[in-house]
>>> print(open('input.txt').read())   # compact mmCIF, C-alpha atoms and all ligand atoms
# COMPACT_ATOMS: atom_id res chain seq x y z
CA MET A 1 -8.76 9.89 106.97
CA ASP A 2 -10.72 6.74 106.46
CA SER A 3 -10.51 5.14 109.84
CA VAL A 4 -14.18 4.23 109.98
CA THR A 5 -15.12 1.44 107.65
CA SER A 6 -18.32 -0.48 107.21
CA GLU A 7 -17.14 -3.42 109.28
CA PRO A 8 -18.38 -3.30 112.84
CA GLN A 9 -14.87 -3.76 114.15
CA HIS A 10 -14.48 -0.77 116.41
CA ARG A 11 -14.91 -2.39 119.75
CA THR A 12 -13.06 0.28 121.66
CA LEU A 13 -12.76 3.98 121.13
CA SER A 14 -9.53 5.75 120.50
CA SER A 15 -7.82 6.83 123.71
CA THR A 16 -8.04 10.41 122.48
CA ALA A 17 -11.86 10.38 122.28
CA ASP A 18 -13.13 13.12 124.55
CA ASN A 19 -16.38 14.50 123.17
CA GLY A 20 -19.57 12.47 123.10
CA LEU A 21 -22.32 13.81 120.87
CA LYS A 22 -25.94 12.74 120.69
CA ILE A 23 -28.57 12.39 118.03
CA VAL A 24 -31.93 10.88 118.91
CA VAL A 25 -34.04 8.84 116.52
CA VAL A 26 -37.67 8.84 117.60
CA GLY A 27 -40.71 7.24 116.14
CA GLY A 28 -43.61 4.89 116.73
CA PHE A 29 -43.36 1.16 117.33
CA GLY A 30 -41.74 -0.78 114.56
CA VAL A 31 -41.01 2.24 112.41
CA GLY A 32 -37.39 1.24 111.89
CA LYS A 33 -35.48 3.08 114.64
CA THR A 34 -33.27 0.15 115.54
CA THR A 35 -32.76 -0.68 111.89
CA LEU A 36 -31.55 2.84 111.12
CA VAL A 37 -29.21 2.86 114.11
CA ARG A 38 -27.83 -0.54 113.14
CA SER A 39 -27.28 0.55 109.55
CA VAL A 40 -24.86 3.30 110.47
CA SER A 41 -23.45 2.12 113.78
CA GLU A 42 -19.93 0.74 114.12
CA ILE A 43 -21.12 -1.49 116.95
CA ARG A 44 -24.10 -3.79 117.11
CA PRO A 45 -26.83 -1.70 118.71
CA LEU A 46 -26.83 -2.11 122.47
CA ASN A 47 -29.84 -1.97 124.66
CA THR A 48 -30.19 -0.35 128.04
CA GLU A 49 -32.77 1.22 130.26
CA GLU A 50 -33.62 4.36 132.08
CA THR A 51 -35.78 4.24 135.15
CA MET A 52 -37.86 6.86 136.78
CA SER A 53 -40.12 7.00 139.75
CA GLN A 54 -43.62 8.04 138.87
CA ALA A 55 -44.30 9.32 142.32
CA GLY A 56 -43.67 12.99 142.86
CA GLU A 57 -40.95 15.12 141.43
CA GLY A 58 -38.00 13.07 142.71
CA ILE A 59 -35.53 13.17 139.89
CA ASP A 60 -33.62 10.00 140.54
CA ASP A 61 -35.60 8.58 143.34
CA THR A 62 -36.23 5.13 142.00
CA VAL A 63 -33.82 3.34 144.23
CA GLY A 64 -34.49 5.02 147.50
CA VAL A 65 -38.19 4.33 147.31
CA ALA A 66 -37.47 0.69 146.57
CA ALA A 67 -38.64 1.25 143.03
CA LYS A 68 -42.23 0.71 144.03
CA THR A 69 -43.49 2.87 141.23
CA ALA A 70 -40.47 2.80 138.99
CA THR A 71 -41.12 2.99 135.30
CA THR A 72 -38.55 1.53 133.02
CA VAL A 73 -38.04 2.33 129.40
CA ALA A 74 -35.68 0.44 127.15
CA PHE A 75 -33.83 2.22 124.42
CA ASP A 76 -31.10 1.18 122.10
CA PHE A 77 -28.09 2.99 120.82
CA GLY A 78 -25.27 2.77 118.36
CA ARG A 79 -22.00 4.59 117.91
CA ILE A 80 -20.05 6.32 115.16
CA SER A 81 -16.46 7.42 115.74
CA LEU A 82 -16.25 10.65 113.77
CA ASP A 83 -12.62 11.51 114.29
CA GLU A 84 -9.93 11.28 116.99
CA ARG A 85 -11.99 13.24 119.47
CA ASN A 86 -15.66 13.22 118.52
CA VAL A 87 -17.91 10.22 118.99
CA LEU A 88 -21.52 10.32 117.89
CA TYR A 89 -24.06 8.24 119.76
CA LEU A 90 -27.38 7.52 118.12
CA PHE A 91 -30.29 6.77 120.39
CA GLY A 92 -33.41 5.02 119.24
CA ALA A 93 -36.24 6.05 121.52
CA PRO A 94 -39.93 5.29 121.54
CA GLY A 95 -41.95 8.29 120.50
CA GLN A 96 -45.07 7.85 122.57
CA GLU A 97 -46.26 10.29 125.13
CA ARG A 98 -45.83 7.99 128.08
CA PHE A 99 -42.10 7.99 127.53
CA TRP A 100 -41.76 11.71 128.01
CA PHE A 101 -39.30 11.33 130.87
CA LEU A 102 -36.88 9.40 128.73
CA TRP A 103 -37.10 12.12 126.16
CA ASP A 104 -36.32 14.81 128.64
CA ARG A 105 -33.25 12.94 129.75
CA LEU A 106 -31.92 11.87 126.42
CA PHE A 107 -32.62 15.14 124.73
CA SER A 108 -30.73 17.40 127.01
CA GLY A 109 -27.63 18.40 125.14
CA THR A 110 -28.62 16.54 122.02
CA LEU A 111 -27.53 17.94 118.66
CA GLY A 112 -30.87 17.22 117.09
CA ALA A 113 -33.40 14.53 116.30
CA VAL A 114 -34.64 12.39 113.46
CA VAL A 115 -38.37 11.70 113.51
CA LEU A 116 -38.85 8.45 111.68
CA VAL A 117 -42.26 8.13 110.08
CA ASP A 118 -44.17 5.25 108.57
CA THR A 119 -46.48 7.01 106.13
CA ARG A 120 -49.15 4.40 106.77
CA ARG A 121 -49.28 5.54 110.38
CA ILE A 122 -48.54 9.22 110.34
CA ALA A 123 -50.52 9.98 113.48
CA ASP A 124 -47.93 8.02 115.48
CA SER A 125 -45.53 10.88 114.89
CA TRP A 126 -47.63 13.80 115.98
CA TYR A 127 -46.53 13.70 119.56
CA ALA A 128 -42.86 13.54 118.63
CA VAL A 129 -43.08 16.55 116.35
CA ASP A 130 -45.01 18.54 118.91
CA ARG A 131 -42.62 17.70 121.72
CA LEU A 132 -39.51 18.53 119.72
CA GLU A 133 -40.93 21.89 118.77
CA HIS A 134 -41.71 22.50 122.42
CA HIS A 135 -38.14 21.64 123.40
CA GLY A 136 -36.65 23.75 120.65
CA THR A 137 -34.73 20.68 119.49
CA PRO A 138 -34.04 20.92 115.75
CA PHE A 139 -35.16 17.89 113.80
CA VAL A 140 -35.72 16.40 110.39
CA VAL A 141 -38.53 14.08 109.41
CA ALA A 142 -37.52 10.91 107.59
CA CYS A 143 -40.16 8.76 105.93
CA ASN A 144 -39.15 5.14 106.01
CA ASP A 145 -40.06 3.19 102.93
CA PHE A 146 -42.30 0.28 103.76
CA GLY A 147 -43.57 -0.02 100.24
CA GLY A 148 -47.03 1.30 101.00
CA ALA A 149 -48.92 3.74 98.84
CA ALA A 150 -46.70 6.62 97.90
CA HIS A 151 -47.47 9.89 99.66
CA GLY A 152 -46.22 13.13 98.20
CA PRO A 153 -44.14 15.38 100.42
CA GLU A 154 -46.88 18.00 100.48
CA ALA A 155 -49.43 15.53 101.83
CA ILE A 156 -47.03 14.37 104.54
CA ARG A 157 -46.12 17.93 105.52
CA GLU A 158 -49.74 18.77 105.81
CA ALA A 159 -50.59 15.68 107.82
CA LEU A 160 -47.79 16.47 110.27
CA ASP A 161 -48.37 20.21 110.17
CA LEU A 162 -44.66 20.63 109.53
CA ALA A 163 -43.07 24.03 109.43
CA ASP A 164 -41.58 24.88 106.03
CA GLU A 165 -38.03 24.97 107.32
CA VAL A 166 -38.14 21.43 108.71
CA PRO A 167 -36.52 19.12 106.15
CA LEU A 168 -38.51 16.12 104.98
CA VAL A 169 -36.55 13.25 103.51
CA PHE A 170 -37.31 9.73 102.33
CA CYS A 171 -35.18 6.81 103.36
CA ASP A 172 -34.74 3.09 103.61
CA ALA A 173 -33.48 2.47 107.11
CA ARG A 174 -32.05 -0.88 106.04
CA SER A 175 -29.57 0.90 103.80
CA ARG A 176 -26.42 2.29 105.33
CA GLU A 177 -26.06 4.91 102.63
CA SER A 178 -29.67 6.01 102.93
CA SER A 179 -29.48 6.21 106.73
CA LYS A 180 -26.25 8.15 106.49
CA GLN A 181 -27.96 10.66 104.18
CA VAL A 182 -30.68 11.16 106.80
CA LEU A 183 -28.04 12.08 109.38
CA ILE A 184 -26.31 14.37 106.94
CA ALA A 185 -29.62 16.09 106.19
CA LEU A 186 -30.06 16.66 109.92
CA VAL A 187 -26.59 18.13 110.41
CA GLU A 188 -26.99 20.38 107.35
CA HIS A 189 -30.25 21.56 108.87
CA LEU A 190 -28.52 22.20 112.19
CA LYS A 191 -25.98 24.37 110.44
CA ASN A 192 -28.78 26.44 108.96
CA VAL A 193 -30.45 26.75 112.34
CA VAL A 194 -27.21 27.88 113.94
CA ALA A 195 -26.51 30.33 111.13
CA ALA A 196 -29.98 31.83 111.53
CA ALA A 197 -29.80 32.12 115.32
CA PRO A 198 -28.67 35.38 116.87
CA GLU A 199 -25.21 35.19 118.40
CA GLY A 200 -25.25 33.41 121.74
CA ALA A 201 -28.99 33.01 121.71
CA PRO A 202 -30.12 30.72 124.50
CA ARG A 203 -31.69 27.50 123.48
CA PRO A 204 -35.03 26.82 125.07
CA ILE A 205 -34.50 23.44 126.64
CA PRO A 206 -36.43 23.53 129.88
CA GLU A 207 -35.19 20.54 131.85
CA PRO A 208 -31.55 19.98 132.74
CA ALA A 209 -30.07 16.51 132.82
CA PRO A 210 -30.48 14.85 136.19
CA MET B 1 -28.46 -12.58 121.85
CA SER B 2 -27.82 -14.25 125.12
CA ARG B 3 -27.50 -11.21 127.29
CA VAL B 4 -30.31 -10.65 129.70
CA ARG B 5 -32.09 -7.41 129.24
CA PRO B 6 -30.91 -5.02 131.86
CA GLY B 7 -32.93 -4.13 134.88
CA ARG B 8 -35.83 -6.43 134.23
CA ASP B 9 -34.91 -9.08 136.72
CA ASP B 10 -33.25 -6.88 139.24
CA SER B 11 -35.16 -6.78 142.41
CA PRO B 12 -35.32 -3.42 144.15
CA ASP B 13 -33.32 -5.05 146.93
CA ARG B 14 -30.46 -5.82 144.62
CA LEU B 15 -30.43 -2.31 143.21
CA TYR B 16 -30.56 -0.95 146.74
CA THR B 17 -27.58 -3.02 147.75
CA LEU B 18 -25.56 -2.00 144.72
CA THR B 19 -25.86 1.64 145.47
CA GLY B 20 -25.87 1.57 149.23
CA GLY B 21 -29.39 2.95 149.13
CA ARG B 22 -28.42 6.29 147.74
CA SER B 23 -30.82 7.61 145.21
CA SER B 24 -28.65 10.00 143.34
CA SER B 25 -25.18 11.35 143.49
CA GLY B 26 -24.48 14.91 144.31
CA SER B 27 -21.29 14.95 142.32
CA THR B 28 -20.76 15.95 138.72
CA ALA B 29 -23.59 14.97 136.48
CA PHE B 30 -22.66 12.13 134.23
CA ASP B 31 -24.33 12.60 130.90
CA VAL B 32 -25.30 9.45 128.99
CA VAL B 33 -22.45 10.21 126.59
CA THR B 34 -19.86 11.30 129.13
CA LEU B 35 -16.78 9.23 128.31
CA VAL B 36 -15.35 7.36 131.26
CA VAL B 37 -11.71 6.33 131.51
CA ALA B 38 -10.29 4.05 134.19
CA GLU B 39 -7.40 5.56 136.13
CA SER B 40 -6.53 2.38 138.00
CA ASP B 41 -6.89 -1.37 137.86
CA PRO B 42 -9.43 -3.31 139.87
CA VAL B 43 -8.22 -4.40 143.28
CA PRO B 44 -9.17 -7.55 145.16
CA GLY B 45 -12.19 -7.14 147.36
CA MET B 46 -13.65 -4.36 145.31
CA GLN B 47 -17.37 -4.39 144.64
CA SER B 48 -17.74 -6.49 141.50
CA GLU B 49 -19.58 -3.80 139.57
CA HIS B 50 -16.82 -1.32 140.33
CA ALA B 51 -14.22 -3.80 139.13
CA ALA B 52 -16.24 -4.47 136.00
CA ILE B 53 -16.40 -0.75 135.24
CA LEU B 54 -12.64 -0.37 135.61
CA ARG B 55 -12.08 -3.26 133.20
CA MET B 56 -14.60 -1.88 130.74
CA CYS B 57 -13.15 1.61 130.74
CA ARG B 58 -9.51 0.94 129.88
CA PHE B 59 -10.41 2.89 126.76
CA PRO B 60 -12.94 5.72 126.79
CA THR B 61 -16.43 4.30 127.20
CA ALA B 62 -19.69 6.22 127.33
CA VAL B 63 -21.89 6.02 130.42
CA VAL B 64 -24.61 4.40 128.36
CA GLU B 65 -22.17 1.72 127.14
CA VAL B 66 -21.14 1.05 130.71
CA ALA B 67 -24.81 0.65 131.64
CA ALA B 68 -25.41 -1.76 128.77
CA GLY B 69 -22.25 -3.69 129.66
CA LEU B 70 -23.27 -4.02 133.30
CA GLY B 71 -26.87 -4.81 132.42
CA LEU B 72 -28.02 -2.09 134.79
CA PRO B 73 -30.22 0.96 134.31
CA VAL B 74 -28.44 4.19 133.51
CA SER B 75 -29.54 5.78 136.77
CA ILE B 76 -27.88 3.05 138.84
CA THR B 77 -24.79 3.14 136.69
CA ARG B 78 -24.41 6.86 137.34
CA ILE B 79 -24.26 6.24 141.05
CA LEU B 80 -21.63 3.53 140.70
CA LEU B 81 -19.60 5.84 138.49
CA ALA B 82 -19.83 8.66 140.98
CA ASP B 83 -18.34 6.37 143.65
CA LEU B 84 -15.37 5.64 141.44
CA HIS B 85 -15.02 9.23 140.40
CA ASP B 86 -15.07 10.48 143.96
CA THR B 87 -12.20 8.15 144.82
CA GLY B 88 -10.18 9.08 141.74
CA ARG B 89 -10.41 5.65 140.12
CA ILE B 90 -11.98 6.97 136.95
CA SER B 91 -11.89 10.24 135.10
CA ALA B 92 -14.79 11.65 133.15
CA ARG B 93 -14.66 13.45 129.83
CA HIS B 94 -17.89 15.33 129.76
CA PRO B 95 -19.38 16.44 126.46
CA ARG B 96 -18.42 19.95 125.54
CA PRO B 97 -21.22 22.06 126.87
CA THR B 98 -23.90 22.54 124.28
CA SER B 99 -26.82 21.83 126.55
CA TYR B 100 -28.35 25.25 126.69
CA ARG B 101 -26.97 26.61 123.48
CA LEU B 102 -26.98 25.57 119.92
CA PRO B 103 -24.03 23.39 118.99
CA ASP B 104 -21.22 25.41 117.60
CA HIS B 105 -20.52 25.56 113.94
CA ASP B 106 -17.10 23.94 114.16
CA ILE B 107 -18.49 20.87 115.85
CA LEU B 108 -21.19 20.55 113.22
CA GLU B 109 -18.56 20.76 110.49
CA GLN B 110 -16.59 18.00 112.19
CA VAL B 111 -19.72 15.87 112.44
CA LEU B 112 -20.46 16.39 108.76
CA VAL B 113 -16.96 15.44 107.72
CA GLY B 114 -17.10 12.34 109.90
CA LEU B 115 -20.46 11.28 108.48
CA ARG B 116 -19.41 11.84 104.89
CA ASN B 117 -16.38 9.66 105.51
CA LEU B 118 -18.54 6.75 106.61
N1 LIG C 301 -39.62 -2.56 104.07
C1 LIG C 301 -38.90 -1.99 105.04
N2 LIG C 301 -38.82 -2.59 106.24
C2 LIG C 301 -38.12 -2.00 107.20
C3 LIG C 301 -37.47 -0.75 107.00
N3 LIG C 301 -36.86 -0.38 108.16
C4 LIG C 301 -37.13 -1.36 109.03
N4 LIG C 301 -37.87 -2.33 108.47
C5 LIG C 301 -38.37 -3.54 109.14
O1 LIG C 301 -39.38 -3.16 110.04
C6 LIG C 301 -39.31 -3.94 111.24
C7 LIG C 301 -39.20 -3.05 112.46
O2 LIG C 301 -37.96 -2.36 112.42
P1 LIG C 301 -37.21 -1.92 113.75
O3 LIG C 301 -35.96 -1.26 113.33
O4 LIG C 301 -37.13 -3.03 114.72
O5 LIG C 301 -38.21 -0.83 114.30
P2 LIG C 301 -38.17 -0.05 115.70
O6 LIG C 301 -38.68 1.30 115.43
O7 LIG C 301 -36.83 -0.16 116.30
O8 LIG C 301 -39.21 -0.89 116.53
P3 LIG C 301 -39.51 -0.84 118.11
O9 LIG C 301 -38.21 -0.60 118.81
O10 LIG C 301 -40.09 -2.17 118.41
O11 LIG C 301 -40.50 0.26 118.32
C8 LIG C 301 -38.13 -4.87 111.05
O12 LIG C 301 -38.60 -6.12 110.63
C9 LIG C 301 -37.31 -4.21 109.97
O13 LIG C 301 -36.57 -5.14 109.22
C10 LIG C 301 -37.55 -0.15 105.71
O14 LIG C 301 -37.03 0.92 105.45
N5 LIG C 301 -38.29 -0.80 104.77
MG MG C 302 -36.29 -0.83 118.22
>>> encode(input="input.txt", output="structure tokens")
Amino acid sequence: MDSVTSEPQHRTLSSTADNGLKIVVVGGFGVGKTTLVRSVSEIRPLNTEETMSQAGEGIDDTVGVAAKTATTVAFDFGRISLDERNVLYLFGAPGQERFWFLWDRLFSGTLGAVVLVDTRRIADSWYAVDRLEHHGTPFVVACNDFGGAAHGPEAIREALDLADEVPLVFCDARSRESSKQVLIALVEHLKNVVAAAPEGAPRPIPEPAP
Amino acid sequence: MSRVRPGRDDSPDRLYTLTGGRSSSGSTAFDVVTLVVAESDPVPGMQSEHAAILRMCRFPTAVVEVAAGLGLPVSITRILLADLHDTGRISARHPRPTSYRLPDHDILEQVLVGLRNL
């Protein structure tokens, strides 16, 4: 089967598509999230927003309260048709703490995450790593190549305080092949995580989707 | 890119009007990747957003794509979709439940095969 080619020609999904899957790409400003999504997506990345009231606990209360304290976060996404039934959506989401609510929403039910890192600004990724661990969302760390001073994997692992089992890969988000390898590294990691988990073990995601 | 960024210029009043003031739907939760399929054609007099959704969803279309297409936030889009779902005008193909469990091995294999074929 070679239905998916590099041309962004797939405007519509197959009528048999029935299972949407999610992978989230998080990282600091300008780290290459949109670039990575664009590199592998069959559609030009689209942009949309999620809104949330800051007042109180109200899950979806933005409209009713006339949005007086609504916070809006933009995120972009791309799409990969995997086969007749499975469609993978890739979400590029800002990794900063103030966007936690977007994370909670996008991450529920997500297969896993890619933390994109610019090695010149490693501290930008601390929050993302911490939050993913808290959620129990499996992830890989991908260092995007901006041509800065080369950091060895050990130095990056140490700077991020990465657990040994978390894969660390290097990529060029502008390259389709390189971006594809990042996703493959994530899915391989997911398989290991699943294989290591006790049968039917619950996954510790605290917040359900609204 | 000529399309206006969604949400930015929407006054609260407009959003309120679109959704009849409801803040969230009680019906089935639409995930951002729930695939929506139109079950009928638009009819004259229908709210324009509803008609637009029916046109957009002749083939399966994810909630987040519908939101981007309408230029509306996902939360508002969910409410519009619930209206159409409640009246049988769309059907929803929800993601296979993986939310509170690890994804199953078969799905991961399928994802891997799909990615390698890219
Ligand atoms: N040298 C180099 N430049 C890159 C790479 N990936 C992205 N860029 C460039 O870095 C800039 C930012 O990339 P984006 O993909 O927009 O980053 P982003 O994370 O989506 O940015 P925000 O959404 O604004 O936070 C663009 O000019 C890209 O062309 C890379 O691997 N190497
Ligand atoms: Mg971006």
>>> atom_distance(input="input.txt", atom1="atom C8 of ligand LIG 301 (chain C)", atom2="CA of His135 in chain A")
29.2 Å
>>> atom_distance(input="input.txt", atom1="atom O8 of ligand LIG 301 (chain C)", atom2="CA of Ile184 in chain A")
22.2 Å
>>> atom_distance(input="input.txt", atom1="CA of Glu49 in chain B", atom2="CA of Thr61 in chain B")
15.1 Å
>>> residues_around(input="input.txt", residues="Thr119 in chain A", least_positions_apart="4", cutoff="9 Å", atoms="only C-alpha atoms", output="PyMOL selection string")
chain A and resi 123+143-146+148-151+156
>>> closest_residue(input="input.txt", among="A:Val37, A:Ile23, A:Val141, A:Val187", to="chain B", atoms="all atoms listed in the file")
A:Val187
>>> residues_near_ligand(input="input.txt", ligand="ligand MG 302 (chain C)", cutoff="9 Å", atoms="all atoms listed in the file", output="list in words")
Phe29, Gly30, Val31, Gly32, Lys33, Thr34, Thr35, Val37, Phe75, Asp76, Gly92, Ala93 and Pro94 of chain A
>>> closest_residue(input="input.txt", among="A:Gly109, A:Gly136, A:Gly147, A:Pro45", to="ligand LIG 301 (chain C)", atoms="only C-alpha atoms and all ligand atoms")
A:Gly147
>>> residues_around(input="input.txt", residues="Gly28 in chain A", least_positions_apart="4", cutoff="10 Å", atoms="all atoms listed in the file", output="number ranges by chain")
A: 32-33, 93-96, 115-118, 121-128
>>> residues_around(input="input.txt", residues="range 88-95 of chain B", least_positions_apart="5", cutoff="6 Å", atoms="all atoms listed in the file", output="JSON, numbers by chain")
{"A": [18, 19, 20], "B": [34, 35, 36, 37, 38, 39, 40]}
>>> axis_aligned_box(input="input.txt", around="range 55-58 of chain B", padding_each_side="5 Å", output="JSON")
{"center_x": -12.1, "center_y": -0.8, "center_z": 131.5, "size_x": 15.1, "size_y": 14.9, "size_z": 13.3}
>>> residues_around(input="input.txt", residues="Val64 in chain B", least_positions_apart="5", cutoff="12 Å", atoms="all atoms listed in the file", output="number ranges by chain")
A: 20, 22, 45-50, 74-79, 89-91, 106; B: 6, 30-36, 53, 69-78, 81
>>> closest_residue(input="input.txt", among="A:His189, A:Arg11, A:Arg85, A:Arg105", to="Ile107 in chain B", atoms="only C-alpha atoms")
A:Arg85
>>> closest_residue(input="input.txt", among="B:Met56, B:Met46, B:Ala68, B:Leu80", to="chain A", atoms="all atoms listed in the file")
B:Ala68
>>> residues_near_point(input="input.txt", point="(-38.1, 22.4, 105.3)", cutoff="12 Å", atoms="all atoms listed in the file", output="JSON, numbers by chain")
{"A": [138, 139, 140, 141, 142, 153, 154, 157, 161, 162, 163, 164, 165, 166, 167, 168, 169, 185, 186, 188, 189, 190, 192, 193]}
>>> residues_around(input="input.txt", residues="range 110-114 of chain B", least_positions_apart="6", cutoff="10 Å", atoms="all atoms listed in the file", output="count of residues only")
20
>>> closest_residue(input="input.txt", among="A:Cys171, A:Leu111, A:Val25, A:Leu36", to="chain B", atoms="only C-alpha atoms")
A:Leu111
>>> closest_residue(input="input.txt", among="A:Val114, A:Val129, A:Asp104, A:Val26", to="chain B", atoms="all atoms listed in the file")
A:Asp104
>>> decode(input="input.txt", residues="range 31-51 of chain B", atoms="N, CA and C atoms", output="PDB file, in the first residue's frame")
ATOM      1  N   ASP B  31     -14.283  14.474  20.914  1.00  0.00           N
ATOM      2  CA  ASP B  31     -12.846  14.661  21.033  1.00  0.00           C
ATOM      3  C   ASP B  31     -12.365  15.543  19.882  1.00  0.00           C
ATOM      4  N   VAL B  32     -11.192  16.155  20.025  1.00  0.00           N
ATOM      5  CA  VAL B  32     -10.673  16.955  18.899  1.00  0.00           C
ATOM      6  C   VAL B  32     -10.452  16.117  17.652  1.00  0.00           C
ATOM      7  N   VAL B  33     -10.250  14.815  17.810  1.00  0.00           N
ATOM      8  CA  VAL B  33     -10.046  13.980  16.619  1.00  0.00           C
ATOM      9  C   VAL B  33     -11.228  13.051  16.328  1.00  0.00           C
ATOM     10  N   THR B  34     -12.349  13.281  16.986  1.00  0.00           N
ATOM     11  CA  THR B  34     -13.557  12.559  16.578  1.00  0.00           C
ATOM     12  C   THR B  34     -13.842  12.912  15.114  1.00  0.00           C
ATOM     13  N   LEU B  35     -14.119  11.895  14.310  1.00  0.00           N
ATOM     14  CA  LEU B  35     -14.385  12.133  12.887  1.00  0.00           C
ATOM     15  C   LEU B  35     -15.883  12.298  12.681  1.00  0.00           C
ATOM     16  N   VAL B  36     -16.226  13.378  12.035  1.00  0.00           N
ATOM     17  CA  VAL B  36     -17.625  13.743  11.840  1.00  0.00           C
ATOM     18  C   VAL B  36     -18.020  13.466  10.393  1.00  0.00           C
ATOM     19  N   VAL B  37     -19.174  12.861  10.209  1.00  0.00           N
ATOM     20  CA  VAL B  37     -19.668  12.579   8.862  1.00  0.00           C
ATOM     21  C   VAL B  37     -21.094  13.114   8.740  1.00  0.00           C
ATOM     22  N   ALA B  38     -21.333  13.883   7.684  1.00  0.00           N
ATOM     23  CA  ALA B  38     -22.677  14.414   7.448  1.00  0.00           C
ATOM     24  C   ALA B  38     -23.618  13.280   7.064  1.00  0.00           C
ATOM     25  N   GLU B  39     -24.813  13.307   7.606  1.00  0.00           N
ATOM     26  CA  GLU B  39     -25.821  12.305   7.265  1.00  0.00           C
ATOM     27  C   GLU B  39     -26.937  12.915   6.428  1.00  0.00           C
ATOM     28  N   SER B  40     -26.833  14.209   6.155  1.00  0.00           N
ATOM     29  CA  SER B  40     -27.845  14.857   5.320  1.00  0.00           C
ATOM     30  C   SER B  40     -27.245  16.095   4.684  1.00  0.00           C
ATOM     31  N   ASP B  41     -27.959  16.634   3.713  1.00  0.00           N
ATOM     32  CA  ASP B  41     -27.501  17.859   3.062  1.00  0.00           C
ATOM     33  C   ASP B  41     -28.038  19.059   3.820  1.00  0.00           C
ATOM     34  N   PRO B  42     -27.387  20.205   3.618  1.00  0.00           N
ATOM     35  CA  PRO B  42     -27.928  21.420   4.233  1.00  0.00           C
ATOM     36  C   PRO B  42     -29.324  21.702   3.687  1.00  0.00           C
ATOM     37  N   VAL B  43     -30.154  22.305   4.488  1.00  0.00           N
ATOM     38  CA  VAL B  43     -31.475  22.709   4.009  1.00  0.00           C
ATOM     39  C   VAL B  43     -31.591  24.229   4.125  1.00  0.00           C
ATOM     40  N   PRO B  44     -32.431  24.808   3.258  1.00  0.00           N
ATOM     41  CA  PRO B  44     -32.590  26.269   3.291  1.00  0.00           C
ATOM     42  C   PRO B  44     -33.070  26.722   4.668  1.00  0.00           C
ATOM     43  N   GLY B  45     -32.539  27.837   5.101  1.00  0.00           N
ATOM     44  CA  GLY B  45     -32.973  28.377   6.374  1.00  0.00           C
ATOM     45  C   GLY B  45     -32.190  27.879   7.560  1.00  0.00           C
ATOM     46  N   MET B  46     -31.322  26.939   7.298  1.00  0.00           N
ATOM     47  CA  MET B  46     -30.498  26.391   8.377  1.00  0.00           C
ATOM     48  C   MET B  46     -29.448  27.417   8.818  1.00  0.00           C
ATOM     49  N   GLN B  47     -29.126  27.405  10.072  1.00  0.00           N
ATOM     50  CA  GLN B  47     -28.045  28.277  10.554  1.00  0.00           C
ATOM     51  C   GLN B  47     -26.806  28.064   9.666  1.00  0.00           C
ATOM     52  N   SER B  48     -26.179  29.144   9.265  1.00  0.00           N
ATOM     53  CA  SER B  48     -25.123  29.020   8.245  1.00  0.00           C
ATOM     54  C   SER B  48     -23.961  28.152   8.711  1.00  0.00           C
ATOM     55  N   GLU B  49     -23.645  28.203   9.993  1.00  0.00           N
ATOM     56  CA  GLU B  49     -22.552  27.358  10.487  1.00  0.00           C
ATOM     57  C   GLU B  49     -22.927  25.878  10.395  1.00  0.00           C
ATOM     58  N   HIS B  50     -24.184  25.582  10.683  1.00  0.00           N
ATOM     59  CA  HIS B  50     -24.626  24.188  10.570  1.00  0.00           C
ATOM     60  C   HIS B  50     -24.518  23.717   9.121  1.00  0.00           C
ATOM     61  N   ALA B  51     -24.955  24.570   8.202  1.00  0.00           N
ATOM     62  CA  ALA B  51     -24.871  24.221   6.788  1.00  0.00           C
ATOM     63  C   ALA B  51     -23.419  24.027   6.371  1.00  0.00           C
TER      64      ALA B  51
END
